[in-house]
file protein.cif (mmCIF, C-alpha atoms)
data_upload
#
loop_
_atom_site.label_atom_id
_atom_site.label_comp_id
_atom_site.auth_asym_id
_atom_site.auth_seq_id
_atom_site.Cartn_x
_atom_site.Cartn_y
_atom_site.Cartn_z
CA MET B 615 -4.86 -1.65 1.13
CA THR B 616 -5.96 -2.28 4.65
CA PRO B 617 -4.45 -0.27 7.49
CA ALA B 618 -3.20 -3.50 9.09
CA MET B 619 -0.21 -3.91 6.84
CA THR B 620 1.56 -0.91 8.23
CA HIS B 621 0.97 -1.66 11.93
CA HIS B 622 2.60 -4.02 14.30
CA ILE B 623 -0.10 -5.68 16.37
CA THR B 624 0.91 -6.98 19.79
CA HIS B 625 -2.43 -7.41 21.58
CA HIS B 626 -4.54 -10.24 20.18
CA LEU B 627 -7.82 -12.03 20.80
CA PRO B 628 -7.90 -14.92 23.29
CA GLU B 629 -8.32 -18.36 21.70
CA PRO B 630 -11.74 -19.15 23.27
CA MET B 631 -13.19 -15.93 21.90
CA LEU B 632 -12.06 -16.76 18.35
CA ALA B 633 -13.52 -20.25 18.72
CA ASP B 634 -16.81 -18.85 20.03
CA TYR B 635 -16.95 -16.40 17.11
CA ALA B 636 -16.35 -19.26 14.65
CA ALA B 637 -19.16 -21.26 16.27
CA GLY B 638 -21.53 -18.28 16.22
CA ARG B 639 -21.74 -18.05 19.99
CA LEU B 640 -20.83 -14.39 20.51
CA GLY B 641 -23.35 -11.56 20.82
CA HIS B 642 -23.53 -8.90 18.14
CA ALA B 643 -21.29 -6.27 19.78
CA PHE B 644 -18.47 -8.75 20.45
CA SER B 645 -18.84 -10.27 16.98
CA VAL B 646 -18.28 -6.85 15.40
CA ALA B 647 -15.17 -6.28 17.52
CA VAL B 648 -13.77 -9.74 16.71
CA ALA B 649 -14.47 -9.42 12.97
CA ALA B 650 -12.94 -5.91 12.96
CA HIS B 651 -9.77 -7.07 14.73
CA VAL B 652 -9.40 -10.09 12.41
CA SER B 653 -9.74 -7.68 9.46
CA LEU B 654 -6.58 -5.95 10.73
CA CYS B 655 -4.63 -8.89 12.17
CA ASP B 656 -3.12 -11.69 10.10
CA GLU B 657 -2.26 -13.77 13.12
CA CYS B 658 -5.83 -13.83 14.43
CA ARG B 659 -7.09 -14.40 10.86
CA ALA B 660 -4.98 -17.56 10.72
CA ARG B 661 -6.08 -18.66 14.20
CA LEU B 662 -9.72 -18.13 13.23
CA ALA B 663 -9.15 -20.17 10.06
CA ALA B 664 -7.72 -22.95 12.23
CA HIS B 665 -10.87 -22.96 14.39
CA GLU B 666 -12.97 -23.06 11.24
CA ALA B 667 -10.90 -26.04 10.12
CA ALA B 668 -11.82 -27.74 13.41
CA GLY B 669 -15.47 -26.76 12.85
CA GLY B 670 -15.25 -28.22 9.35
CA ALA B 671 -13.83 -31.46 10.75
CA VAL B 672 -16.75 -31.71 13.18
CA LEU B 673 -19.20 -30.98 10.34
CA GLU B 674 -17.55 -33.69 8.24
CA THR B 675 -17.87 -36.36 10.96
CA LEU B 676 -21.48 -35.66 11.98
CA PRO B 677 -23.99 -38.42 11.24
CA PRO B 678 -25.85 -36.97 8.21
CA GLU B 679 -29.54 -36.20 8.63
CA PRO B 680 -31.58 -36.87 5.49
CA VAL B 681 -33.06 -33.78 3.84
CA SER B 682 -36.42 -33.52 2.02
CA ASP B 683 -36.45 -35.20 -1.39
CA ASP B 684 -37.08 -31.97 -3.26
CA LEU B 685 -34.60 -29.77 -1.36
CA MET B 686 -31.81 -30.16 -3.90
CA ALA B 687 -34.17 -29.44 -6.82
CA ARG B 688 -35.41 -26.31 -5.05
CA VAL B 689 -31.85 -25.05 -4.59
CA MET B 690 -30.77 -25.95 -8.14
CA ALA B 691 -33.79 -24.03 -9.49
CA ARG B 692 -32.60 -20.87 -7.73
CA LEU B 693 -28.95 -20.94 -8.81
CA ASP B 694 -29.51 -18.43 -11.62
CA ASP B 695 -31.68 -16.12 -9.52
CA PRO B 696 -29.52 -13.09 -8.62
CA ALA B 697 -31.92 -12.33 -5.76
CA ALA B 698 -30.84 -15.60 -4.10
CA ALA B 699 -27.26 -14.35 -3.70
CA PRO B 700 -26.37 -13.30 -0.16
CA PRO B 701 -25.72 -9.56 0.25
CA GLU B 702 -22.10 -8.44 -0.07
CA PRO B 703 -20.62 -7.18 3.22
CA PRO B 704 -19.69 -3.46 3.25
CA ALA B 705 -16.16 -2.53 2.18
CA PRO B 706 -13.69 -0.93 4.63
CA SER B 707 -13.44 2.85 4.45
CA GLY B 708 -10.67 5.02 5.90
CA ILE B 709 -9.84 3.86 9.40
CA PHE B 710 -12.98 1.70 9.62
CA PRO B 711 -12.82 -2.02 8.70
CA GLY B 712 -15.86 -3.45 6.87
CA PRO B 713 -17.58 -4.83 10.01
CA VAL B 714 -17.45 -1.34 11.58
CA MET B 715 -18.78 0.21 8.35
CA ALA B 716 -21.64 -2.30 8.57
CA ALA B 717 -22.34 -1.27 12.18
CA LEU B 718 -22.25 2.38 11.04
CA LYS B 719 -24.71 1.43 8.27
CA GLY B 720 -22.28 3.03 5.82
CA ARG B 721 -22.66 6.50 7.36
CA PRO B 722 -20.05 8.62 9.18
CA PRO B 723 -20.12 8.37 13.00
CA ARG B 724 -22.63 10.62 14.77
CA TRP B 725 -20.49 11.92 17.61
CA ARG B 726 -22.05 13.05 20.88
CA SER B 727 -20.02 14.83 23.51
CA LEU B 728 -19.37 13.08 26.80
CA GLY B 729 -17.57 16.14 28.17
CA MET B 730 -13.82 16.88 28.45
CA GLY B 731 -13.50 16.67 24.66
CA ILE B 732 -14.36 12.99 24.70
CA ARG B 733 -17.02 11.92 22.22
CA GLN B 734 -18.87 8.72 21.52
CA SER B 735 -20.98 7.36 18.70
CA LEU B 736 -23.30 4.61 19.86
CA LEU B 737 -23.62 1.87 17.24
CA HIS B 738 -25.58 -0.78 19.08
CA ALA B 739 -27.16 -1.19 22.50
CA GLY B 740 -28.98 -4.32 23.44
CA LYS B 741 -29.38 -6.94 26.13
CA ASP B 742 -26.32 -8.73 24.78
CA GLY B 743 -24.14 -5.64 25.21
CA SER B 744 -23.22 -2.36 23.61
CA LEU B 745 -21.01 -1.19 20.77
CA ARG B 746 -19.70 2.32 20.33
CA LEU B 747 -16.91 4.38 18.86
CA LEU B 748 -14.91 6.52 21.27
CA TYR B 749 -12.99 9.66 20.33
CA ILE B 750 -10.33 10.66 22.85
CA PRO B 751 -8.29 13.87 22.31
CA PRO B 752 -4.49 13.52 22.54
CA GLY B 753 -3.28 13.11 26.13
CA ARG B 754 -6.81 12.92 27.53
CA ALA B 755 -7.95 10.18 29.92
CA VAL B 756 -11.20 8.28 29.64
CA PRO B 757 -12.67 8.34 33.14
CA ASP B 758 -11.99 5.34 35.30
CA HIS B 759 -14.72 2.86 34.69
CA GLY B 760 -15.52 -0.68 35.54
CA HIS B 761 -17.93 -2.93 33.69
CA GLU B 762 -20.39 -5.63 34.65
CA GLY B 763 -19.13 -8.02 32.02
CA ARG B 764 -16.20 -8.06 29.63
CA GLU B 765 -15.10 -5.19 27.43
CA LEU B 766 -13.20 -5.30 24.14
CA THR B 767 -11.42 -2.14 22.98
CA LEU B 768 -9.97 -2.06 19.47
CA VAL B 769 -7.78 0.88 18.45
CA LEU B 770 -8.65 2.24 14.97
CA GLN B 771 -6.61 5.46 15.07
CA GLY B 772 -3.89 6.82 17.36
CA ALA B 773 -3.00 4.89 20.50
CA PHE B 774 -3.75 4.68 24.22
CA HIS B 775 -2.15 3.23 27.31
CA ASP B 776 -3.53 2.14 30.63
CA GLU B 777 -2.51 0.08 33.67
CA THR B 778 -2.17 -3.02 31.48
CA GLY B 779 -0.09 -1.76 28.56
CA HIS B 780 0.18 0.26 25.36
CA PHE B 781 -2.28 -0.20 22.52
CA GLY B 782 -1.80 0.99 18.92
CA VAL B 783 -3.86 0.62 15.75
CA GLY B 784 -5.19 -2.94 15.41
CA ASP B 785 -4.44 -3.85 19.03
CA ILE B 786 -7.37 -5.14 21.06
CA GLU B 787 -7.68 -4.94 24.83
CA VAL B 788 -9.74 -7.61 26.56
CA ALA B 789 -10.88 -6.43 30.00
CA ASP B 790 -12.95 -8.49 32.41
CA ALA B 791 -15.25 -7.21 35.11
CA SER B 792 -12.44 -6.99 37.66
CA LEU B 793 -10.36 -4.49 35.67
CA GLU B 794 -10.87 -0.85 36.67
CA HIS B 795 -8.75 0.96 34.13
CA THR B 796 -8.08 4.51 33.02
CA PRO B 797 -7.14 4.57 29.35
CA VAL B 798 -5.11 7.66 28.36
CA ALA B 799 -4.70 8.68 24.70
CA ASP B 800 -1.14 9.15 23.43
CA GLU B 801 0.01 12.64 22.52
CA GLY B 802 -0.24 13.57 18.84
CA THR B 803 -3.23 12.05 17.06
CA PRO B 804 -6.68 11.77 18.62
CA CYS B 805 -7.40 8.16 19.55
CA ILE B 806 -10.45 6.50 18.01
CA CYS B 807 -11.48 3.13 19.45
CA LEU B 808 -14.23 0.62 18.94
CA ALA B 809 -15.51 -0.47 22.35
CA ALA B 810 -17.76 -3.49 22.83
CA THR B 811 -19.26 -4.79 26.07
CA ASP B 812 -21.34 -7.83 26.81
CA ALA B 813 -23.17 -5.92 29.58
CA PRO B 814 -24.08 -2.25 30.13
CA LEU B 815 -21.17 0.01 31.18
CA ARG B 816 -21.02 1.80 34.51
CA PHE B 817 -18.99 4.98 34.61
CA ARG B 818 -17.59 6.15 37.92
CA ALA B 819 -16.71 9.76 37.39
CA LEU B 820 -17.84 11.35 34.18
CA VAL B 821 -21.58 10.78 34.14
CA PRO B 822 -23.58 10.18 37.27
CA ARG B 823 -25.04 6.71 37.29
CA LEU B 824 -28.58 8.08 37.21
CA LEU B 825 -27.92 9.68 33.84
CA GLN B 826 -26.57 6.52 32.26
CA PRO B 827 -29.90 5.43 30.76
CA ILE B 828 -30.19 8.87 29.10
CA PHE B 829 -26.72 8.75 27.56
CA ARG B 830 -27.17 5.03 26.90
CA ILE B 831 -23.67 4.13 27.95
CA MET H 1332 -3.46 -30.06 -13.17
CA THR H 1333 -0.58 -31.99 -11.66
CA GLY H 1334 -0.79 -35.42 -10.14
CA GLU H 1335 -0.65 -33.92 -6.66
CA VAL H 1336 -3.90 -32.02 -7.10
CA ASP H 1337 -5.65 -35.30 -7.77
CA THR H 1338 -4.97 -36.37 -4.23
CA ILE H 1339 -6.68 -33.45 -2.49
CA SER H 1340 -10.09 -34.29 -1.09
CA GLU H 1341 -13.01 -34.95 -3.37
CA GLU H 1342 -15.02 -32.14 -1.76
CA THR H 1343 -12.31 -29.53 -2.26
CA ARG H 1344 -11.94 -30.58 -5.89
CA LEU H 1345 -15.72 -30.29 -6.39
CA LEU H 1346 -15.71 -26.80 -4.89
CA ILE H 1347 -12.87 -25.76 -7.25
CA ARG H 1348 -14.98 -27.01 -10.18
CA VAL H 1349 -17.90 -24.91 -8.95
CA ARG H 1350 -15.61 -21.91 -8.58
CA ASP H 1351 -13.89 -22.18 -11.95
CA GLY H 1352 -16.59 -23.64 -14.17
CA ARG H 1353 -19.92 -22.88 -12.48
CA ASP H 1354 -20.21 -26.65 -12.64
CA ARG H 1355 -23.76 -27.69 -11.64
CA GLN H 1356 -22.95 -31.37 -11.49
CA ALA H 1357 -20.14 -30.67 -9.04
CA PHE H 1358 -22.46 -28.44 -7.03
CA ALA H 1359 -25.10 -31.18 -6.89
CA ALA H 1360 -22.45 -33.58 -5.55
CA LEU H 1361 -21.43 -31.04 -2.90
CA PHE H 1362 -25.07 -30.57 -1.97
CA ALA H 1363 -25.56 -34.33 -1.62
CA HIS H 1364 -22.57 -34.48 0.72
CA TYR H 1365 -23.00 -31.34 2.82
CA ALA H 1366 -26.75 -30.62 2.96
CA PRO H 1367 -27.48 -33.58 5.30
CA ARG H 1368 -24.45 -32.69 7.46
CA LEU H 1369 -25.38 -29.01 7.65
CA LYS H 1370 -28.90 -30.05 8.59
CA ALA H 1371 -27.49 -32.26 11.34
CA MET H 1372 -25.34 -29.36 12.59
CA LEU H 1373 -28.30 -26.96 12.68
CA ARG H 1374 -30.60 -29.53 14.31
CA ARG H 1375 -27.96 -30.13 17.00
CA GLY H 1376 -28.04 -26.36 17.57
CA GLY H 1377 -31.70 -26.74 18.49
CA MET H 1378 -33.32 -25.74 15.20
CA GLY H 1379 -36.60 -27.26 14.01
CA GLU H 1380 -36.79 -29.52 10.96
CA ALA H 1381 -38.30 -27.00 8.51
CA GLN H 1382 -36.20 -24.10 9.73
CA ALA H 1383 -32.99 -26.14 9.47
CA GLU H 1384 -33.80 -27.01 5.84
CA GLU H 1385 -34.50 -23.36 5.13
CA VAL H 1386 -31.04 -22.41 6.39
CA VAL H 1387 -29.42 -25.34 4.52
CA GLN H 1388 -30.97 -23.99 1.33
CA GLU H 1389 -29.67 -20.48 1.92
CA ALA H 1390 -26.25 -21.74 2.99
CA MET H 1391 -25.85 -23.88 -0.14
CA LEU H 1392 -26.96 -20.95 -2.34
CA ALA H 1393 -24.28 -18.86 -0.61
CA VAL H 1394 -21.73 -21.61 -1.39
CA TRP H 1395 -22.68 -21.33 -5.07
CA HIS H 1396 -22.51 -17.54 -5.17
CA LYS H 1397 -19.40 -17.09 -3.03
CA ALA H 1398 -17.40 -19.92 -4.57
CA THR H 1399 -15.30 -17.35 -6.48
CA GLN H 1400 -13.75 -16.43 -3.11
CA PHE H 1401 -12.74 -20.01 -2.27
CA ASP H 1402 -8.97 -20.45 -1.97
CA PRO H 1403 -7.91 -24.07 -1.32
CA THR H 1404 -4.54 -22.91 0.02
CA ARG H 1405 -6.30 -21.15 2.93
CA ALA H 1406 -9.27 -23.42 3.68
CA SER H 1407 -10.50 -26.91 2.92
CA ALA H 1408 -14.03 -27.26 1.52
CA SER H 1409 -15.35 -28.40 4.91
CA ALA H 1410 -13.87 -25.41 6.80
CA TRP H 1411 -15.04 -22.96 4.16
CA ILE H 1412 -18.56 -24.36 4.04
CA TYR H 1413 -18.73 -24.42 7.85
CA ARG H 1414 -17.92 -20.70 7.82
CA ILE H 1415 -20.34 -19.82 4.99
CA ALA H 1416 -23.17 -21.74 6.69
CA ARG H 1417 -22.52 -20.09 10.07
CA ASN H 1418 -22.49 -16.64 8.49
CA ARG H 1419 -25.71 -17.28 6.57
CA GLN H 1420 -27.45 -18.75 9.62
CA ILE H 1421 -26.70 -15.68 11.74
CA ASP H 1422 -27.56 -13.32 8.87
CA ILE H 1423 -30.99 -14.89 8.72
CA PHE H 1424 -31.71 -14.95 12.44
CA ARG H 1425 -30.18 -11.74 13.75
CA ARG H 1426 -31.58 -8.39 12.78
CA GLU H 1427 -28.08 -6.89 12.67
CA GLY H 1428 -26.63 -9.62 10.44
CA ARG H 1429 -23.32 -11.41 10.87
CA PRO H 1430 -20.23 -9.18 11.08
CA VAL H 1431 -17.55 -10.81 8.90
CA PRO H 1432 -13.85 -9.92 8.58
CA ASP H 1433 -12.79 -8.08 5.42
CA GLU H 1434 -11.58 -10.42 2.71
CA LEU H 1435 -7.89 -10.19 1.97
CA THR H 1436 -7.50 -7.88 -1.00
CA GLU H 1437 -5.46 -10.44 -2.93
CA SER H 1438 -7.87 -12.58 -4.91
CA PRO H 1439 -7.08 -16.30 -5.06
CA PRO H 1440 -4.72 -17.10 -7.93
CA PRO H 1441 -6.43 -18.83 -10.89
CA GLU H 1442 -3.90 -21.67 -10.60
CA PRO H 1443 -3.60 -22.16 -6.85
CA ASP H 1444 -0.37 -23.66 -5.65
CA ALA H 1445 -1.14 -27.36 -5.75
CA ALA H 1446 1.43 -28.22 -3.10
CA ASP H 1447 0.00 -25.67 -0.64
CA ALA H 1448 -3.55 -26.84 -1.24
CA LEU H 1449 -2.43 -30.43 -0.73
CA ALA H 1450 -0.55 -29.59 2.47
CA LEU H 1451 -3.62 -27.86 3.90
CA ASP H 1452 -5.80 -30.76 2.88
CA GLN H 1453 -3.52 -33.26 4.58
CA GLU H 1454 -3.49 -31.12 7.71
CA THR H 1455 -7.29 -31.09 7.63
CA ARG H 1456 -7.37 -34.87 7.36
CA ARG H 1457 -5.00 -35.20 10.33
CA LEU H 1458 -7.18 -32.80 12.30
CA ARG H 1459 -10.19 -34.96 11.57
CA ALA H 1460 -8.32 -38.14 12.51
CA ALA H 1461 -7.25 -36.48 15.77
CA LEU H 1462 -10.88 -35.61 16.48
CA GLU H 1463 -12.01 -39.16 15.80
CA ALA H 1464 -9.26 -40.58 17.99
CA LEU H 1465 -10.37 -38.64 21.08
CA PRO H 1466 -12.05 -40.54 23.91
CA PRO H 1467 -15.84 -40.30 23.33
CA ALA H 1468 -16.54 -37.90 26.22
CA GLN H 1469 -13.85 -35.46 25.09
CA ARG H 1470 -14.83 -35.74 21.46
CA GLU H 1471 -18.38 -34.83 22.39
CA MET H 1472 -17.15 -31.73 24.20
CA VAL H 1473 -15.17 -30.58 21.17
CA GLU H 1474 -18.16 -31.26 18.93
CA ARG H 1475 -20.47 -29.32 21.20
CA ALA H 1476 -18.10 -26.35 21.13
CA TYR H 1477 -17.90 -26.16 17.34
CA LEU H 1478 -21.59 -26.93 16.91
CA GLY H 1479 -22.26 -23.88 19.07
CA GLU H 1480 -23.91 -25.76 21.92
CA LEU H 1481 -21.36 -24.76 24.55
CA SER H 1482 -18.95 -21.89 24.82
CA HIS H 1483 -15.27 -22.66 25.20
CA SER H 1484 -15.29 -21.31 28.74
CA GLU H 1485 -18.21 -23.58 29.64
CA ILE H 1486 -16.19 -26.50 28.35
CA ALA H 1487 -13.17 -25.40 30.30
CA ALA H 1488 -15.34 -25.17 33.44
CA ALA H 1489 -16.76 -28.64 32.87
CA THR H 1490 -13.63 -30.55 31.95
CA GLY H 1491 -10.57 -28.37 32.05
CA LEU H 1492 -10.40 -28.03 28.26
CA PRO H 1493 -10.02 -31.53 26.86
CA LEU H 1494 -8.68 -30.12 23.64
CA GLY H 1495 -5.16 -31.62 23.85
CA THR H 1496 -4.59 -33.26 20.50
CA ILE H 1497 -7.03 -31.00 18.71
CA LYS H 1498 -5.30 -27.95 20.06
CA SER H 1499 -1.89 -29.06 18.89
CA ARG H 1500 -3.30 -29.75 15.45
CA ILE H 1501 -4.90 -26.32 15.43
CA ARG H 1502 -1.56 -24.84 16.39
CA LEU H 1503 0.11 -26.61 13.46
CA ALA H 1504 -2.53 -25.35 11.09
CA LEU H 1505 -2.05 -21.92 12.57
CA GLU H 1506 1.69 -21.95 12.00
CA ARG H 1507 1.21 -22.94 8.41
CA LEU H 1508 -1.53 -20.39 7.74
CA ARG H 1509 0.40 -17.64 9.39
CA HIS H 1510 3.31 -18.44 7.14
CA GLU H 1511 1.03 -18.34 4.09
CA LEU H 1512 -0.44 -14.99 5.05
CA LYS H 1513 3.01 -13.56 5.54
CA ASP H 1514 3.95 -14.70 2.05
CA LEU H 1515 0.78 -13.11 0.70
CA ARG H 1516 1.80 -9.82 2.22
CA GLN H 1517 5.20 -9.79 0.51
CA PRO H 1518 5.10 -7.54 -2.55
#

call {"tool": "encode", "arguments": {"input": "protein.cif", "output": "structure tokens"}}
result
Amino acid sequence: MTPAMTHHITHHLPEPMLADYAAGRLGHAFSVAVAAHVSLCDECRARLAAHEAAGGAVLETLPPEPVSDDLMARVMARLDDPAAAPPEPPAPSGIFPGPVMAALKGRPPRWRSLGMGIRQSLLHAGKDGSLRLLYIPPGRAVPDHGHEGRELTLVLQGAFHDETGHFGVGDIEVADASLEHTPVADEGTPCICLAATDAPLRFRALVPRLLQPIFRI
Amino acid sequence: MTGEVDTISEETRLLIRVRDGRDRQAFAALFAHYAPRLKAMLRRGGMGEAQAEEVVQEAMLAVWHKATQFDPTRASASAWIYRIARNRQIDIFRREGRPVPDELTESPPPEPDAADALALDQETRRLRAALEALPPAQREMVERAYLGELSHSEIAAATGLPLGTIKSRIRLALERLRHELKDLRQP
């Protein structure tokens, strides 16, 4: 059973982002966050399927481009070759949906302290953005930060609230560069989030800007 | 098989034959239909001739191997193959691979509900008709979005989202799918 069934999700992905995921136009970090949210959210799963239906309609109406004469024979010859099967995506485990398990390479998170009890596990950092898990103790605030680009925050355990609302398991917050927010974890359970950016983060308070390249945040 | 099933699209019926019977003849027919269209899609995305055929090969092999997961009440053949091809393309070209949502744990029933499959198929046909009925400039924008040439925000910036009819069709499909998924969740 997936965790989604027991949670009521109220914060969803915007339509253009689902369409861009379907069309393969999102960077890696955002793609993981979108795939992880869809794993937990039936509504966004259906909306993604609708975009894929539109993609299928476009595919169907494209003027066909002839393929090499022997292409079909080459494919037919490989049908029984087990090595030609695409790899199976990793299964979900605990609070982590399959796409997050893939980003973790099947291993438990390697937490590093950011101070104040807050920890992060960096999963991906590249020119197209960053992907990390955040661990926030109950009642603790993540320091006020802005970001150059957009940031997606998906709750995997516990809950947080900030200036824009309350976010529980499966909820995803979409923040653009103009939002300076201070997420605070709910009391009770520690909050674990998946955070994806499409540009490097800039923290205001916790880590001096000069240290950012060292912490890779 | 009831009479209704016979009216769902040829491609979806072929894919069901591949799924249920590992039917090579049906697969060959699917290949003949989709390989040239997938190649066109990849070429429009800027891929070279040889590379595009490489990805077409891998995508069609993925269709063969993943056919067991095909559920005609949740996707038409064209939507499902669009997704499989996109996933395979990104798997091949990005070091990190394509992150894909977890499959629903319920496996497709061996005898899918013919009426549901037919309803989805009809919706797909209406979606396609709506696409073809768009004025050429708008249709091109929608095509470029789903072919991955433009992002949806770039399209919005250029034209103010000319998705009108398409969007309402998508919304209909969404309503229906959401309903289906809710049913799936009922014990």

call {"tool": "closest_atom_pairs", "arguments": {"input": "protein.cif", "of": "range 681-775 of chain B", "to": "range 1377-1395 of chain H", "cutoff": "12 Å", "atoms": "all atoms listed in the file", "output": "tab-separated table"}}
result
residue	atom	partner	partner_atom	distance
B:Val681	CA	H:Glu1384	CA	7.1
B:Ser682	CA	H:Glu1384	CA	8.0
B:Asp683	CA	H:Glu1384	CA	11.2
B:Asp684	CA	H:Glu1384	CA	10.9
B:Leu685	CA	H:Gln1388	CA	7.3
B:Met686	CA	H:Gln1388	CA	8.1
B:Ala687	CA	H:Gln1388	CA	10.3
B:Arg688	CA	H:Gln1388	CA	8.1
B:Val689	CA	H:Gln1388	CA	6.1
B:Met690	CA	H:Leu1392	CA	8.6
B:Ala691	CA	H:Leu1392	CA	10.4
B:Arg692	CA	H:Leu1392	CA	7.8
B:Leu693	CA	H:Leu1392	CA	6.8
B:Asp694	CA	H:Trp1395	CA	9.9
B:Asp695	CA	H:Leu1392	CA	9.9
B:Pro696	CA	H:Leu1392	CA	10.4
B:Ala697	CA	H:Leu1392	CA	10.5
B:Ala698	CA	H:Leu1392	CA	6.8
B:Ala699	CA	H:Ala1393	CA	6.2
B:Pro700	CA	H:Ala1393	CA	6.0
B:Pro701	CA	H:Ala1393	CA	9.5
B:Glu702	CA	H:Ala1393	CA	10.7

call {"tool": "interface_residues", "arguments": {"input": "protein.cif", "of": "chain B", "to": "chain H", "cutoff": "7 Å", "atoms": "all atoms listed in the file", "output": "PyMOL selection string"}}
result
chain B and resi 630+634+637-639+645-646+649-650+652-653+656-657+660-661+664-674+676-681+689+693+698-700+711-713

call {"tool": "residues_around", "arguments": {"input": "protein.cif", "residues": "range 714-728 of chain B", "least_positions_apart": "2", "cutoff": "9 Å", "atoms": "only C-alpha atoms", "output": "PyMOL selection string"}}
result
(chain B and resi 646-647+649-650+703-707+710-712+730-738+745+747-749+808+820-821+829) or (chain H and resi 1427+1430)

call {"tool": "resolve_selection", "arguments": {"input": "protein.cif", "expression": "the PyMOL selection byres ((chain B and resi 813) around 6)", "output": "list of chain:residue names"}}
result
B:Gly743, B:Glu762, B:Gly763, B:Thr811, B:Asp812, B:Pro814

call {"tool": "resolve_selection", "arguments": {"input": "protein.cif", "expression": "the PyMOL selection byres ((chain H and resi 1344) around 12)", "output": "short mmCIF file (atom, residue, chain, number, x, y, z; two decimals) with C-alpha atoms, in the frame of the given file"}}
result
data_model
loop_
_atom_site.label_atom_id
_atom_site.label_comp_id
_atom_site.auth_asym_id
_atom_site.auth_seq_id
_atom_site.Cartn_x
_atom_site.Cartn_y
_atom_site.Cartn_z
CA MET H 1332 -3.46 -30.06 -13.17
CA GLU H 1335 -0.65 -33.92 -6.66
CA VAL H 1336 -3.90 -32.02 -7.10
CA ASP H 1337 -5.65 -35.30 -7.77
CA THR H 1338 -4.97 -36.37 -4.23
CA ILE H 1339 -6.68 -33.45 -2.49
CA SER H 1340 -10.09 -34.29 -1.09
CA GLU H 1341 -13.01 -34.95 -3.37
CA GLU H 1342 -15.02 -32.14 -1.76
CA THR H 1343 -12.31 -29.53 -2.26
CA LEU H 1345 -15.72 -30.29 -6.39
CA LEU H 1346 -15.71 -26.80 -4.89
CA ILE H 1347 -12.87 -25.76 -7.25
CA ARG H 1348 -14.98 -27.01 -10.18
CA VAL H 1349 -17.90 -24.91 -8.95
CA ARG H 1350 -15.61 -21.91 -8.58
CA ASP H 1351 -13.89 -22.18 -11.95
CA GLY H 1352 -16.59 -23.64 -14.17
CA ASP H 1354 -20.21 -26.65 -12.64
CA ALA H 1357 -20.14 -30.67 -9.04
CA PHE H 1358 -22.46 -28.44 -7.03
CA ALA H 1360 -22.45 -33.58 -5.55
CA LEU H 1361 -21.43 -31.04 -2.90
CA PHE H 1401 -12.74 -20.01 -2.27
CA ASP H 1402 -8.97 -20.45 -1.97
CA PRO H 1403 -7.91 -24.07 -1.32
CA SER H 1407 -10.50 -26.91 2.92
CA ALA H 1408 -14.03 -27.26 1.52
CA SER H 1409 -15.35 -28.40 4.91
CA PRO H 1443 -3.60 -22.16 -6.85
CA ALA H 1445 -1.14 -27.36 -5.75
CA ALA H 1448 -3.55 -26.84 -1.24
CA LEU H 1449 -2.43 -30.43 -0.73
CA ASP H 1452 -5.80 -30.76 2.88
#

call {"tool": "atom_distance", "arguments": {"input": "protein.cif", "atom1": "CA of Ala799 in chain B", "atom2": "CA of Gly772 in chain B"}}
result
7.6 Å

call {"tool": "atom_distance", "arguments": {"input": "protein.cif", "atom1": "CA of Leu640 in chain B", "atom2": "CA of Thr796 in chain B"}}
result
26.0 Å

call {"tool": "resolve_selection", "arguments": {"input": "protein.cif", "expression": "the PyMOL selection byres ((chain B and resi 776-778) around 7)", "output": "PyMOL selection string"}}
result
chain B and resi 774-775+779-780+795-798

call {"tool": "atom_distance", "arguments": {"input": "protein.cif", "atom1": "CA of Cys655 in chain B", "atom2": "CA of Ile623 in chain B"}}
result
7.0 Å

call {"tool": "closest_residue", "arguments": {"input": "protein.cif", "among": "B:Ala643, B:Arg659, B:Glu787, B:Cys805", "to": "Lys741 in chain B", "atoms": "all atoms listed in the file"}}
result
B:Ala643
